[in-house]
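Novice: Input: one structure, supplied below.
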Amino acid sequence: QVQLVESGGGLVQAGGSLRLSCAASGRTFSGHTMGWFRQAPGKERECVASISRSGIRKYVADSVKGRFTISRDNAKNTVYLQMNSLIPEDTAVYYCAADRRYYYGTENYSVRDEDYGYWGQGTQVTVSS
């Protein structure tokens with residue numbers, strides 16, 4: 001069982017930066033692929049970034065490539081999303097998620113909602129123009 005708590009959201013002007021953190025409970029964090037998703041009003045939830053168990057493999061959506069960076073610190077049971085050069089279109093509720101599967105050696109990332117079995121409560125990010 002993995003419990004996730006996000007922090008770091010808020011209101012920022014366009015061009016600014018935020019760093020989201022997601023603290024995970026449980027001893028199995030290092031074996032789970034982690035992802036950051038976002039959902040804007042009236043839009044479907046989308047995967048923004050994903051990172052494999054050790055951080056070797058990463059995915060970043062085209063819409064945020066070059067601006068967002070995903071990382072993790074397994075010693076601290078925490079995954080991060082560094083968001084730079086924010087634009088109003090980045091406004092959304094951001095969710096941290098853990099893959100339902102535990103990986104013993106394989107390094108995978110995933111962009112599919114259905115692969116994630118554990119979700120945080122979400123944190124609001126608002127970018128003003």
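Letters A, B, ... go to the chains of the structure tokens in the order shown; residues in each chain start at 1; ligands are counted from 1 in the same order.
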Residues within 6 Å of segment 18-24 of chain A, please, as a list in words. Count only C-alpha atoms; anything in the same chain fewer than 2 positions from it doesn't count.
Specialist: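 Those residues are Gln3, Leu4, Val5, Glu6, Ser7, Gly8, Asn77, Thr78, Val79, Tyr80, Leu81, Gln82 and Met83 of chain A.
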Novice: Any chance you could export the current selection's all heavy atoms as a short mmCIF file (atom, residue, chain, number, x, y, z; two decimals), in the first residue's frame?
Specialist:
```
data_model
loop_
_atom_site.label_atom_id
_atom_site.label_comp_id
_atom_site.auth_asym_id
_atom_site.auth_seq_id
_atom_site.Cartn_x
_atom_site.Cartn_y
_atom_site.Cartn_z
N GLN A 3 0.68 5.51 0.13
CA GLN A 3 -0.11 6.73 0.30
C GLN A 3 0.73 7.91 -0.15
O GLN A 3 1.93 7.98 0.15
CB GLN A 3 -0.54 6.89 1.75
CG GLN A 3 -1.54 5.83 2.19
CD GLN A 3 -2.01 6.01 3.61
OE1 GLN A 3 -1.24 6.37 4.49
NE2 GLN A 3 -3.29 5.78 3.85
N LEU A 4 0.09 8.84 -0.86
CA LEU A 4 0.80 9.94 -1.50
C LEU A 4 0.24 11.28 -1.06
O LEU A 4 -0.98 11.47 -1.02
CB LEU A 4 0.68 9.81 -3.02
CG LEU A 4 1.13 8.48 -3.62
CD1 LEU A 4 0.76 8.41 -5.09
CD2 LEU A 4 2.63 8.29 -3.44
N VAL A 5 1.13 12.22 -0.77
CA VAL A 5 0.72 13.57 -0.37
C VAL A 5 1.53 14.58 -1.18
O VAL A 5 2.75 14.64 -1.07
CB VAL A 5 0.94 13.81 1.13
CG1 VAL A 5 0.54 15.24 1.49
CG2 VAL A 5 0.15 12.80 1.95
N GLU A 6 0.81 15.38 -2.00
CA GLU A 6 1.48 16.40 -2.82
C GLU A 6 1.57 17.71 -2.06
O GLU A 6 0.74 18.01 -1.19
CB GLU A 6 0.70 16.66 -4.12
CG GLU A 6 0.50 15.46 -5.00
CD GLU A 6 -0.91 14.91 -4.90
OE1 GLU A 6 -1.53 15.10 -3.83
OE2 GLU A 6 -1.38 14.30 -5.87
N SER A 7 2.55 18.50 -2.44
CA SER A 7 2.69 19.86 -1.91
C SER A 7 3.43 20.70 -2.95
O SER A 7 4.02 20.15 -3.88
CB SER A 7 3.45 19.86 -0.58
OG SER A 7 4.75 19.34 -0.75
N GLY A 8 3.36 22.01 -2.77
CA GLY A 8 4.13 22.91 -3.62
C GLY A 8 3.33 23.67 -4.66
O GLY A 8 3.88 24.50 -5.38
N ASN A 77 11.75 8.85 -0.20
CA ASN A 77 10.41 8.45 -0.63
C ASN A 77 9.65 9.61 -1.26
O ASN A 77 8.46 9.84 -0.98
CB ASN A 77 9.59 7.90 0.54
CG ASN A 77 9.88 6.43 0.82
OD1 ASN A 77 10.89 5.91 0.34
ND2 ASN A 77 9.05 5.79 1.59
N THR A 78 10.32 10.36 -2.11
CA THR A 78 9.71 11.57 -2.66
C THR A 78 9.98 11.67 -4.16
O THR A 78 11.08 11.35 -4.63
CB THR A 78 10.27 12.82 -1.97
OG1 THR A 78 10.01 12.73 -0.56
CG2 THR A 78 9.59 14.09 -2.49
N VAL A 79 8.97 12.11 -4.88
CA VAL A 79 9.11 12.40 -6.30
C VAL A 79 8.80 13.89 -6.50
O VAL A 79 7.96 14.45 -5.80
CB VAL A 79 8.20 11.51 -7.17
CG1 VAL A 79 6.74 11.72 -6.84
CG2 VAL A 79 8.47 11.71 -8.64
N TYR A 80 9.50 14.49 -7.45
CA TYR A 80 9.40 15.93 -7.67
C TYR A 80 8.99 16.25 -9.10
O TYR A 80 9.26 15.47 -10.02
CB TYR A 80 10.74 16.61 -7.39
CG TYR A 80 11.31 16.34 -6.04
CD1 TYR A 80 12.28 15.35 -5.85
CD2 TYR A 80 10.91 17.08 -4.92
CE1 TYR A 80 12.81 15.09 -4.61
CE2 TYR A 80 11.44 16.82 -3.66
CZ TYR A 80 12.39 15.83 -3.51
OH TYR A 80 12.92 15.58 -2.27
N LEU A 81 8.37 17.40 -9.26
CA LEU A 81 8.12 17.94 -10.60
C LEU A 81 8.55 19.40 -10.57
O LEU A 81 7.89 20.24 -9.96
CB LEU A 81 6.65 17.82 -10.99
CG LEU A 81 6.33 18.24 -12.42
CD1 LEU A 81 6.96 17.26 -13.42
CD2 LEU A 81 4.82 18.33 -12.66
N GLN A 82 9.67 19.67 -11.20
CA GLN A 82 10.16 21.04 -11.33
C GLN A 82 9.53 21.66 -12.55
O GLN A 82 9.68 21.14 -13.66
CB GLN A 82 11.68 21.07 -11.44
CG GLN A 82 12.27 22.46 -11.62
CD GLN A 82 12.08 23.34 -10.40
OE1 GLN A 82 12.30 22.90 -9.28
NE2 GLN A 82 11.68 24.59 -10.62
N MET A 83 8.84 22.76 -12.36
CA MET A 83 8.11 23.41 -13.45
C MET A 83 8.66 24.81 -13.65
O MET A 83 8.54 25.66 -12.75
CB MET A 83 6.61 23.46 -13.13
CG MET A 83 6.02 22.10 -12.80
SD MET A 83 4.23 22.13 -12.59
CE MET A 83 4.09 23.17 -11.14
#
```
Novice: Mind running segment 10-41 of chain A against segment 58-65 of chain A at 10 Å and telling me each contacting residue's nearest atom pair with the distance in Å (one decimal), counting only C-alpha atoms, chain and number ascending, as JSON lines?
Specialist:
```
{"residue": "A:Thr33", "atom": "CA", "partner": "A:Lys58", "partner_atom": "CA", "distance": 9.8}
{"residue": "A:Met34", "atom": "CA", "partner": "A:Lys58", "partner_atom": "CA", "distance": 9.7}
{"residue": "A:Gly35", "atom": "CA", "partner": "A:Tyr59", "partner_atom": "CA", "distance": 9.0}
{"residue": "A:Trp36", "atom": "CA", "partner": "A:Val60", "partner_atom": "CA", "distance": 9.5}
```
Novice: Got a sec: who's within 10 Å of Gly117 of chain A, counting only C-alpha atoms, leaving out chain neighbours fewer than 5 positions off, as a PyMOL selection string?
Specialist: chain A and resi 1-2+97-101
Novice: Please provide as a CSV table (one decimal) with N, CA and C atoms, in the first residue's frame all residues within 6 Å of Thr123 of chain A, with the sequence filter that same-chain residues fewer than 4 positions apart are discarded (counting only C-alpha atoms).
Specialist:
```
chain,number,residue,atom,x,y,z
A,9,GLY,N,2.0,23.4,-4.8
A,9,GLY,CA,1.2,24.1,-5.7
A,9,GLY,C,1.0,25.6,-5.2
A,93,VAL,N,-5.2,21.1,-11.8
A,93,VAL,CA,-4.9,20.3,-10.5
A,93,VAL,C,-3.9,19.3,-10.9
A,94,TYR,N,-2.8,19.2,-10.2
A,94,TYR,CA,-1.7,18.3,-10.5
A,94,TYR,C,-1.8,17.1,-9.4
```
Novice: Neighbours of Glu89 of chain A within 10 Å (only C-alpha atoms; same-chain residues fewer than 5 positions away dropped), as a VMD selection string?
Specialist: chain A and resid 14 40 63 126 to 129
Novice: Interatomic distance between atom CA of Gly31 of chain A and atom CA of Ser17 of chain A?
Specialist: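 Answer for the atom CA of Gly31 of chain A to atom CA of Ser17 of chain A separation: 29.2 Å.
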Novice: Rounded to one decimal, what separation in Å do you get between atom CA of Gly120 of chain A and atom CA of Thr69 of chain A?
Specialist: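 So the answer is 18.9 Å.
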Novice: What residues in segment 1-124 of chain A get the DSSP label strand (DSSP E)? Please answer as a ChimeraX atom specification.
Specialist: /A:4-7,10-13,18-24,34-39,46-51,58-60,68-73,78-83,92-99,116-119,123-124
